[in-house]
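Peer 1: Dropping in upload.cif, with mmCIF, C-alpha atoms and all ligand atoms.
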data_entry
loop_
_atom_site.label_atom_id
_atom_site.label_comp_id
_atom_site.auth_asym_id
_atom_site.auth_seq_id
_atom_site.Cartn_x
_atom_site.Cartn_y
_atom_site.Cartn_z
CA MET A 1 37.28 -72.75 -6.38
CA PRO A 2 38.47 -69.23 -7.21
CA SER A 3 36.33 -67.35 -9.67
CA ILE A 4 37.70 -67.92 -13.17
CA TRP A 5 36.52 -64.47 -14.20
CA ALA A 6 38.31 -62.58 -11.45
CA ILE A 7 41.72 -62.77 -13.09
CA GLN A 8 42.73 -59.34 -11.86
CA THR A 9 42.58 -58.93 -8.12
CA ARG A 10 44.58 -55.70 -7.84
CA PRO A 11 43.74 -52.40 -9.53
CA THR A 12 46.78 -52.43 -11.80
CA VAL A 13 47.05 -51.53 -15.47
CA THR A 14 46.97 -54.76 -17.44
CA ASP A 15 46.87 -55.74 -21.09
CA PHE A 16 43.51 -57.52 -20.63
CA ALA A 17 45.22 -60.90 -20.84
CA GLY A 18 46.26 -60.91 -17.21
CA SER A 19 49.83 -59.59 -17.42
CA VAL A 20 50.90 -56.20 -16.14
CA ARG A 21 52.30 -53.66 -18.58
CA PRO A 22 53.61 -50.15 -18.08
CA GLY A 23 51.69 -47.35 -19.73
CA GLY A 24 48.31 -45.73 -19.70
CA LEU A 25 44.83 -47.09 -19.60
CA PHE A 26 43.43 -48.89 -22.65
CA SER A 27 46.17 -47.90 -25.07
CA ALA A 28 48.39 -50.43 -23.32
CA ALA A 29 46.19 -53.24 -24.60
CA ILE A 30 47.00 -52.41 -28.18
CA THR A 31 50.25 -50.52 -28.26
CA GLY A 32 52.17 -51.95 -25.34
CA GLY A 33 52.20 -48.55 -23.67
CA ARG A 34 53.20 -46.38 -26.64
CA PRO A 35 51.01 -43.29 -27.02
CA THR A 36 48.41 -43.57 -29.78
CA ARG A 37 47.60 -40.92 -32.38
CA ARG A 38 43.97 -39.93 -32.65
CA ARG A 39 42.32 -41.46 -35.72
CA ARG A 40 39.28 -40.41 -37.70
CA SER A 41 37.39 -43.46 -36.48
CA GLU A 42 37.73 -42.45 -32.85
CA VAL A 43 34.39 -41.25 -31.59
CA PRO A 44 34.44 -39.74 -28.12
CA ILE A 45 30.72 -39.96 -27.30
CA ARG A 46 27.86 -41.92 -28.84
CA SER A 47 24.71 -43.56 -27.57
CA GLY A 48 25.92 -47.06 -26.69
CA CYS A 49 29.62 -46.29 -26.54
CA VAL A 50 31.67 -43.92 -24.44
CA SER A 51 34.80 -44.04 -26.59
CA TYR A 52 36.49 -45.96 -29.38
CA THR A 53 40.25 -45.70 -29.28
CA GLY A 54 42.89 -47.92 -30.83
CA GLY A 55 40.34 -50.65 -31.51
CA VAL A 56 39.11 -50.73 -27.89
CA LEU A 57 35.44 -49.89 -27.56
CA VAL A 58 34.49 -48.64 -24.10
CA THR A 59 30.94 -48.51 -22.76
CA ALA A 60 29.70 -47.32 -19.39
CA ARG A 61 30.90 -50.54 -17.71
CA LEU A 62 32.79 -52.58 -20.31
CA ALA A 63 35.96 -52.44 -22.39
CA LEU A 64 35.73 -54.50 -25.60
CA VAL A 65 39.29 -55.42 -26.56
CA PRO A 66 40.19 -57.00 -29.94
CA ILE A 67 40.57 -60.75 -29.51
CA ALA A 68 44.14 -62.07 -29.60
CA ASP A 69 46.18 -65.24 -29.05
CA ALA A 70 46.79 -64.17 -25.45
CA HIS A 71 43.08 -64.73 -24.73
CA VAL A 72 42.99 -68.48 -25.41
CA ARG A 73 43.15 -69.40 -21.73
CA LEU A 74 40.24 -67.11 -20.86
CA LEU A 75 38.12 -68.61 -23.65
CA VAL A 76 38.81 -72.17 -22.46
CA GLU A 77 37.83 -71.16 -18.93
CA LEU A 78 34.68 -69.43 -20.16
CA ASP A 79 33.55 -72.51 -22.09
CA SER A 80 34.37 -74.89 -19.25
CA ASP A 81 31.04 -74.15 -17.55
CA PRO A 82 28.37 -76.35 -19.20
CA ALA A 83 25.77 -73.59 -18.76
CA VAL A 84 27.67 -71.36 -21.18
CA LYS A 85 27.35 -73.71 -24.14
CA ARG A 86 24.04 -75.27 -23.16
CA PHE A 87 22.33 -73.73 -26.23
CA ILE A 88 25.33 -74.05 -28.53
CA ASP A 89 26.47 -77.65 -28.38
CA GLY A 90 24.75 -78.99 -25.28
CA GLY A 91 27.46 -77.82 -22.90
CA LYS A 92 30.70 -79.43 -24.09
CA PRO A 93 33.83 -77.62 -22.88
CA SER A 94 36.16 -76.22 -25.54
CA THR A 95 39.66 -77.62 -25.90
CA VAL A 96 42.73 -75.41 -26.12
CA LEU A 97 42.98 -76.26 -29.82
CA GLU A 98 39.36 -75.25 -30.40
CA ALA A 99 39.94 -71.99 -28.54
CA GLU A 100 43.04 -71.32 -30.64
CA GLU A 101 41.05 -71.95 -33.82
CA PHE A 102 38.28 -69.71 -32.52
CA VAL A 103 40.75 -66.89 -31.96
CA ALA A 104 42.28 -67.38 -35.40
CA SER A 105 38.86 -67.15 -37.03
CA SER A 106 37.85 -64.16 -34.90
CA ILE A 107 40.67 -61.70 -35.54
CA GLY A 108 39.26 -58.36 -36.60
CA HIS A 109 35.63 -59.00 -35.71
CA ARG A 110 35.37 -60.40 -32.19
CA SER A 111 36.30 -58.69 -28.92
CA MET A 112 36.94 -59.83 -25.39
CA ALA A 113 34.88 -57.97 -22.80
CA PHE A 114 36.35 -56.84 -19.48
CA THR A 115 34.86 -54.63 -16.83
CA ALA A 116 36.14 -51.14 -17.57
CA ASP A 117 37.04 -50.43 -13.95
CA GLU A 118 38.68 -53.55 -12.49
CA ARG A 119 39.28 -55.37 -15.81
CA VAL A 120 37.57 -58.56 -14.80
CA PHE A 121 36.93 -60.85 -17.77
CA VAL A 122 33.21 -60.99 -18.57
CA GLY A 123 32.88 -62.72 -21.98
CA TRP A 124 33.09 -61.90 -25.67
CA PHE A 125 31.17 -60.08 -28.40
CA GLY A 126 31.38 -60.35 -32.17
CA LEU A 127 30.30 -58.71 -35.40
CA VAL A 128 31.06 -61.43 -37.94
CA PRO A 129 31.08 -60.16 -41.55
CA GLY A 130 28.68 -61.38 -44.20
CA PRO A 131 26.89 -61.62 -46.40
CA ALA A 132 27.82 -58.40 -48.26
CA ASP A 133 27.76 -55.41 -45.90
CA GLN A 134 25.85 -57.31 -43.22
CA ARG A 135 27.19 -58.55 -39.90
CA GLU A 136 26.16 -61.28 -37.50
CA LEU A 137 25.98 -60.14 -33.89
CA GLY A 138 27.14 -62.69 -31.31
CA TYR A 139 27.93 -62.73 -27.61
CA ARG A 140 28.85 -65.04 -24.77
CA ILE A 141 28.92 -63.98 -21.12
CA GLY A 142 30.23 -65.91 -18.12
CA PRO A 143 27.47 -67.12 -15.75
CA ALA A 144 28.93 -65.14 -12.85
CA HIS A 145 27.90 -62.01 -14.75
CA TRP A 146 24.51 -62.98 -16.13
CA ASN A 147 21.47 -60.77 -15.71
CA ARG A 148 23.43 -57.61 -14.99
CA GLY A 149 22.78 -56.11 -18.42
CA PHE A 150 26.29 -56.74 -19.77
CA ALA A 151 25.17 -58.52 -22.96
CA THR A 152 22.69 -55.77 -23.68
CA GLU A 153 25.23 -53.03 -23.00
CA GLY A 154 27.91 -54.56 -25.22
CA ALA A 155 25.44 -55.41 -27.98
CA ARG A 156 24.07 -51.86 -28.02
CA ALA A 157 27.58 -50.45 -28.36
CA LEU A 158 28.42 -52.85 -31.21
CA ARG A 159 25.11 -52.07 -32.90
CA ASP A 160 25.97 -48.37 -32.91
CA HIS A 161 29.55 -49.08 -33.96
CA ALA A 162 28.33 -51.22 -36.85
CA PHE A 163 25.88 -48.66 -38.18
CA GLU A 164 27.78 -45.46 -37.45
CA THR A 165 31.41 -46.47 -38.08
CA LEU A 166 31.48 -49.69 -40.11
CA ASP A 167 28.57 -48.64 -42.38
CA VAL A 168 26.86 -51.98 -41.97
CA SER A 169 23.42 -52.18 -43.63
CA ARG A 170 21.90 -55.03 -41.64
CA LEU A 171 22.68 -56.80 -38.38
CA TRP A 172 21.36 -60.30 -37.83
CA ALA A 173 21.54 -62.98 -35.17
CA GLN A 174 20.39 -66.54 -34.73
CA THR A 175 19.77 -68.53 -31.58
CA MET A 176 17.79 -71.51 -30.38
CA THR A 177 14.10 -70.79 -29.96
CA VAL A 178 14.36 -71.82 -26.31
CA ASN A 179 17.31 -69.52 -25.55
CA LEU A 180 15.07 -66.91 -23.97
CA ALA A 181 17.86 -64.85 -22.39
CA SER A 182 19.61 -64.38 -25.74
CA ARG A 183 16.31 -63.52 -27.45
CA ARG A 184 15.55 -60.99 -24.73
CA VAL A 185 18.92 -59.31 -25.29
CA LEU A 186 18.21 -59.00 -29.02
CA GLU A 187 14.80 -57.51 -28.34
CA LYS A 188 16.23 -54.99 -25.87
CA VAL A 189 18.78 -53.92 -28.47
CA GLY A 190 16.02 -53.33 -31.03
CA PHE A 191 16.18 -56.46 -33.17
CA ARG A 192 13.00 -57.94 -34.57
CA LEU A 193 12.11 -61.57 -35.12
CA VAL A 194 12.11 -62.44 -38.83
CA ARG A 195 11.78 -66.22 -38.95
CA GLN A 196 11.78 -69.50 -37.12
CA PHE A 197 13.54 -72.35 -38.89
CA PHE A 198 14.57 -75.95 -38.42
CA GLN A 199 17.86 -77.51 -39.45
CA GLU A 200 19.96 -80.53 -38.60
CA TRP A 201 22.72 -79.99 -36.05
CA PRO A 202 25.51 -82.45 -35.22
CA ASP A 203 24.58 -82.36 -31.52
CA LEU A 204 21.10 -83.18 -30.24
CA ILE A 205 20.35 -80.47 -27.68
CA GLU A 206 17.37 -80.40 -25.39
CA GLY A 207 14.91 -77.91 -26.89
CA SER A 208 16.19 -78.27 -30.45
CA GLU A 209 12.81 -79.66 -31.45
CA HIS A 210 11.59 -76.06 -31.22
CA GLY A 211 14.09 -74.99 -33.85
CA ASP A 212 16.01 -71.75 -34.16
CA VAL A 213 15.05 -68.13 -34.63
CA GLU A 214 16.60 -65.33 -36.65
CA TYR A 215 16.46 -61.67 -35.68
CA GLU A 216 17.53 -58.62 -37.66
CA LEU A 217 18.02 -54.90 -37.42
CA TRP A 218 18.46 -52.58 -40.41
CA ALA A 219 20.39 -49.33 -40.44
CA ARG A 220 18.86 -45.96 -41.19
CA ARG A 221 15.27 -47.11 -41.47
CA PRO A 222 12.68 -44.76 -40.00
CA ASP A 223 11.20 -47.54 -37.86
CA ASN A 224 14.59 -48.05 -36.21
CA ALA A 225 14.61 -44.49 -34.94
CA SER A 226 13.23 -45.52 -31.56
CA ARG A 227 15.99 -47.97 -30.71
CA THR A 228 17.61 -47.31 -27.36
C1 LIG B 301 22.44 -64.92 -23.44
C2 LIG B 301 23.45 -64.16 -22.59
C3 LIG B 301 24.51 -63.57 -23.52
C4 LIG B 301 22.75 -63.03 -21.82
O1 LIG B 301 23.76 -62.29 -21.13
P1 LIG B 301 23.37 -61.30 -19.94
O2 LIG B 301 24.53 -60.41 -19.72
O3 LIG B 301 22.85 -62.08 -18.79
O4 LIG B 301 22.17 -60.49 -20.61
P2 LIG B 301 21.43 -59.19 -20.03
O5 LIG B 301 21.61 -59.12 -18.55
O6 LIG B 301 21.85 -58.02 -20.83
O7 LIG B 301 19.90 -59.48 -20.37
C5 LIG B 301 19.33 -60.75 -20.09
C6 LIG B 301 17.82 -60.64 -20.18
O8 LIG B 301 17.27 -61.97 -20.34
C7 LIG B 301 16.36 -62.20 -19.27
N1 LIG B 301 16.43 -63.61 -18.97
C8 LIG B 301 17.46 -64.29 -18.43
N2 LIG B 301 17.13 -65.59 -18.33
C9 LIG B 301 15.90 -65.73 -18.84
C10 LIG B 301 15.02 -66.82 -19.01
N3 LIG B 301 15.37 -68.07 -18.65
N4 LIG B 301 13.80 -66.60 -19.55
C11 LIG B 301 13.44 -65.36 -19.94
N5 LIG B 301 14.24 -64.27 -19.81
C12 LIG B 301 15.44 -64.46 -19.25
C13 LIG B 301 16.82 -61.32 -18.16
O9 LIG B 301 15.80 -61.10 -17.21
C14 LIG B 301 17.19 -60.06 -18.94
O10 LIG B 301 16.04 -59.35 -19.36
P3 LIG B 301 15.49 -58.03 -18.56
O11 LIG B 301 16.62 -57.02 -18.55
O12 LIG B 301 14.32 -57.59 -19.35
O13 LIG B 301 15.16 -58.48 -17.17
C15 LIG B 301 24.13 -65.10 -21.56
O14 LIG B 301 23.13 -65.76 -20.85
C16 LIG B 301 25.04 -66.12 -22.22
O15 LIG B 301 26.16 -65.80 -22.59
N6 LIG B 301 24.57 -67.34 -22.34
C17 LIG B 301 25.41 -68.42 -22.88
C18 LIG B 301 25.86 -68.20 -24.31
C19 LIG B 301 24.70 -67.91 -25.22
O16 LIG B 301 23.63 -68.51 -25.10
N7 LIG B 301 24.95 -67.00 -26.16
C20 LIG B 301 23.99 -66.66 -27.16
C21 LIG B 301 23.99 -67.73 -28.18
S1 LIG B 301 23.09 -67.20 -29.60
#
Output the file's structure as structure tokens, nothing else.
Ligand SMILES: CC(C)(COP(=O)(O)OP(=O)(O)OC[C@H]1O[C@@H](n2cnc3c(N)ncnc32)[C@H](O)[C@@H]1OP(=O)(O)O)[C@@H](O)C(=O)NCCC(=O)NCCS

Peer 2:
Amino acid sequence: MPSIWAIQTRPTVTDFAGSVRPGGLFSAAITGGRPTRRRRSEVPIRSGCVSYTGGVLVTARLALVPIADAHVRLLVELDSDPAVKRFIDGGKPSTVLEAEEFVASSIGHRSMAFTADERVFVGWFGLVPGPADQRELGYRIGPAHWNRGFATEGARALRDHAFETLDVSRLWAQTMTVNLASRRVLEKVGFRLVRQFFQEWPDLIEGSEHGDVEYELWARRPDNASRT
């Protein structure tokens, strides 16, 4: 079976949904090739992020592109591997309708992640608003790309974007206690464990008897100064 992530096999300029567009690098994803004017929010260099232009956040290896209707097919393919949703709903694949609803509820705060060089689809990241000026960090990476540091790299860039550009006060994240890879990512990004809790979920997932954990990271606190 061909790799579902390797949607781009030739080094062409694409719009990150698989179709070829004329125009320059990442601006094509947003503008359809029209040149973009530099905005105040564009930051050329920062710790976790190489650039932020036209809504596309670029790290050393990833381009985080605002989620759009054109990405539904990639989301369905991502969720078709049971390993991806093992700790979310026990591994059920998402339907096209569910992916469409996911996109609709994600506009403005979730991004699709592609490799910055060959534009291979890797997964998605999100900074979901609420409560108040807080955001929930989320991520999902395709198994073909696990354990290469992509989740950590994208999460670090979004952490810096949240605190330095969006003026978020607190980032938080929840995951199953037994989701050790996700917990490790949060720890590498500087989050700290704040609580373990138990709640009823519609799906009985192996390991749910150990409950869930919540992590957090506050902005501008002296004890956050060491985050990397
Ligand atoms: C969790 C997830 C995002 C991690 O993505 P990733 O790109 O592989 O993450 P990274 O490579 O940046 O880091 C993974 C870390 O977890 C560690 N890890 C992986 N599997 C592990 C396991 N079973 N037990 C302990 N640690 C594990 C890796 O060794 C690595 O840590 P290290 O750098 O100290 O060696 C990815 O596995 C995923 O998308 N899973 C499915 C969806 C999901 O669970 N999302 C989170 C829901 S809250």

Peer 1: Mind giving me the straight-line distance from atom CA of Ala181 of chain A to atom N6 of ligand LIG 301 (chain B) in Å, one decimal?

Peer 2: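 Going from atom CA of Ala181 of chain A over to atom N6 of ligand LIG 301 (chain B) covers 7.2 Å.
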
Peer 1: I'd like a table as JSON lines: residues in chain A with an atom no more than 6 Å from ligand LIG 301 (chain B), each row giving the shortest atom pair and its distance in Å to one decimal, only C-alpha atoms and all ligand atoms counted, sorted by chain and rising residue number.

Peer 2:
{"residue": "A:Val84", "atom": "CA", "partner": "B:LIG301", "partner_atom": "C17", "distance": 4.1}
{"residue": "A:Lys85", "atom": "CA", "partner": "B:LIG301", "partner_atom": "C18", "distance": 5.7}
{"residue": "A:Phe87", "atom": "CA", "partner": "B:LIG301", "partner_atom": "O16", "distance": 5.5}
{"residue": "A:Tyr139", "atom": "CA", "partner": "B:LIG301", "partner_atom": "C3", "distance": 5.4}
{"residue": "A:Arg140", "atom": "CA", "partner": "B:LIG301", "partner_atom": "O15", "distance": 3.5}
{"residue": "A:Ile141", "atom": "CA", "partner": "B:LIG301", "partner_atom": "O15", "distance": 3.6}
{"residue": "A:Trp146", "atom": "CA", "partner": "B:LIG301", "partner_atom": "O3", "distance": 3.3}
{"residue": "A:Asn147", "atom": "CA", "partner": "B:LIG301", "partner_atom": "O5", "distance": 3.3}
{"residue": "A:Arg148", "atom": "CA", "partner": "B:LIG301", "partner_atom": "O5", "distance": 4.3}
{"residue": "A:Gly149", "atom": "CA", "partner": "B:LIG301", "partner_atom": "O6", "distance": 3.2}
{"residue": "A:Phe150", "atom": "CA", "partner": "B:LIG301", "partner_atom": "O2", "distance": 4.1}
{"residue": "A:Ala151", "atom": "CA", "partner": "B:LIG301", "partner_atom": "O2", "distance": 3.8}
{"residue": "A:Thr152", "atom": "CA", "partner": "B:LIG301", "partner_atom": "O6", "distance": 3.7}
{"residue": "A:Gln174", "atom": "CA", "partner": "B:LIG301", "partner_atom": "S1", "distance": 5.8}
{"residue": "A:Thr175", "atom": "CA", "partner": "B:LIG301", "partner_atom": "S1", "distance": 4.1}
{"residue": "A:Leu180", "atom": "CA", "partner": "B:LIG301", "partner_atom": "N4", "distance": 4.6}
{"residue": "A:Ala181", "atom": "CA", "partner": "B:LIG301", "partner_atom": "O8", "distance": 3.6}
{"residue": "A:Ser182", "atom": "CA", "partner": "B:LIG301", "partner_atom": "C1", "distance": 3.7}
{"residue": "A:Arg184", "atom": "CA", "partner": "B:LIG301", "partner_atom": "O8", "distance": 4.8}
{"residue": "A:Val185", "atom": "CA", "partner": "B:LIG301", "partner_atom": "O7", "distance": 5.0}

Peer 1: Do you have the atom CA of Leu204 of chain A-atom CA of Glu100 of chain A distance handy?

Peer 2: 24.9 Å

Peer 1: In Å to one decimal, how far is atom CA of Asp81 of chain A from atom CA of Gly154 of chain A?

Peer 2: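 One can read the atom CA of Gly154 of chain A to atom CA of Asp81 of chain A distance as 21.3 Å.
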
Peer 1: At a cut-off of 9 Å, using all atoms listed in the file, what residues contact Gly123 of chain A? Leave out same-chain residues fewer than 6 positions from it and give the result as a PDB file with C-alpha atoms, keeping the file's coordinate frame.

Peer 2:
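Wrote around-v8.pdb, looks like this:
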ATOM      1  CA  TRP A   5      36.520 -64.470 -14.200  1.00  0.00           C
ATOM      2  CA  LEU A  74      40.240 -67.110 -20.860  1.00  0.00           C
ATOM      3  CA  LEU A  75      38.120 -68.610 -23.650  1.00  0.00           C
ATOM      4  CA  LEU A  78      34.680 -69.430 -20.160  1.00  0.00           C
ATOM      5  CA  SER A 111      36.300 -58.690 -28.920  1.00  0.00           C
ATOM      6  CA  MET A 112      36.940 -59.830 -25.390  1.00  0.00           C
ATOM      7  CA  ALA A 113      34.880 -57.970 -22.800  1.00  0.00           C
ATOM      8  CA  PHE A 114      36.350 -56.840 -19.480  1.00  0.00           C
ATOM      9  CA  TYR A 139      27.930 -62.730 -27.610  1.00  0.00           C
ATOM     10  CA  ARG A 140      28.850 -65.040 -24.770  1.00  0.00           C
ATOM     11  CA  ILE A 141      28.920 -63.980 -21.120  1.00  0.00           C
ATOM     12  CA  GLY A 142      30.230 -65.910 -18.120  1.00  0.00           C
ATOM     13  CA  HIS A 145      27.900 -62.010 -14.750  1.00  0.00           C
ATOM     14  CA  ALA A 151      25.170 -58.520 -22.960  1.00  0.00           C
TER      15      ALA A 151
END

Peer 1: Around the point (37.9, -52.8, -27.4) in the file's coordinates, collect all residues with an atom within 8 Å, using all atoms listed in the file, and return them as a PyMOL selection string.

Peer 2: chain A and resi 52-58+63-66+111-113

Peer 1: My list of candidates is A:Glu206, A:Val168, A:Glu200, A:Ala155. Which is closest to Glu187 of chain A when distances are computed with all atoms listed in the file?

Peer 2: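 Closest candidate: A:Ala155.
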
Peer 1: Give me the residues near Glu98 of chain A as a VMD selection string, where near means some atom within 10 Å (using only C-alpha atoms) and where sequence neighbours in that chain fewer than 6 positions away do not count.

Peer 2: chain A and resid 72 75 to 76 104
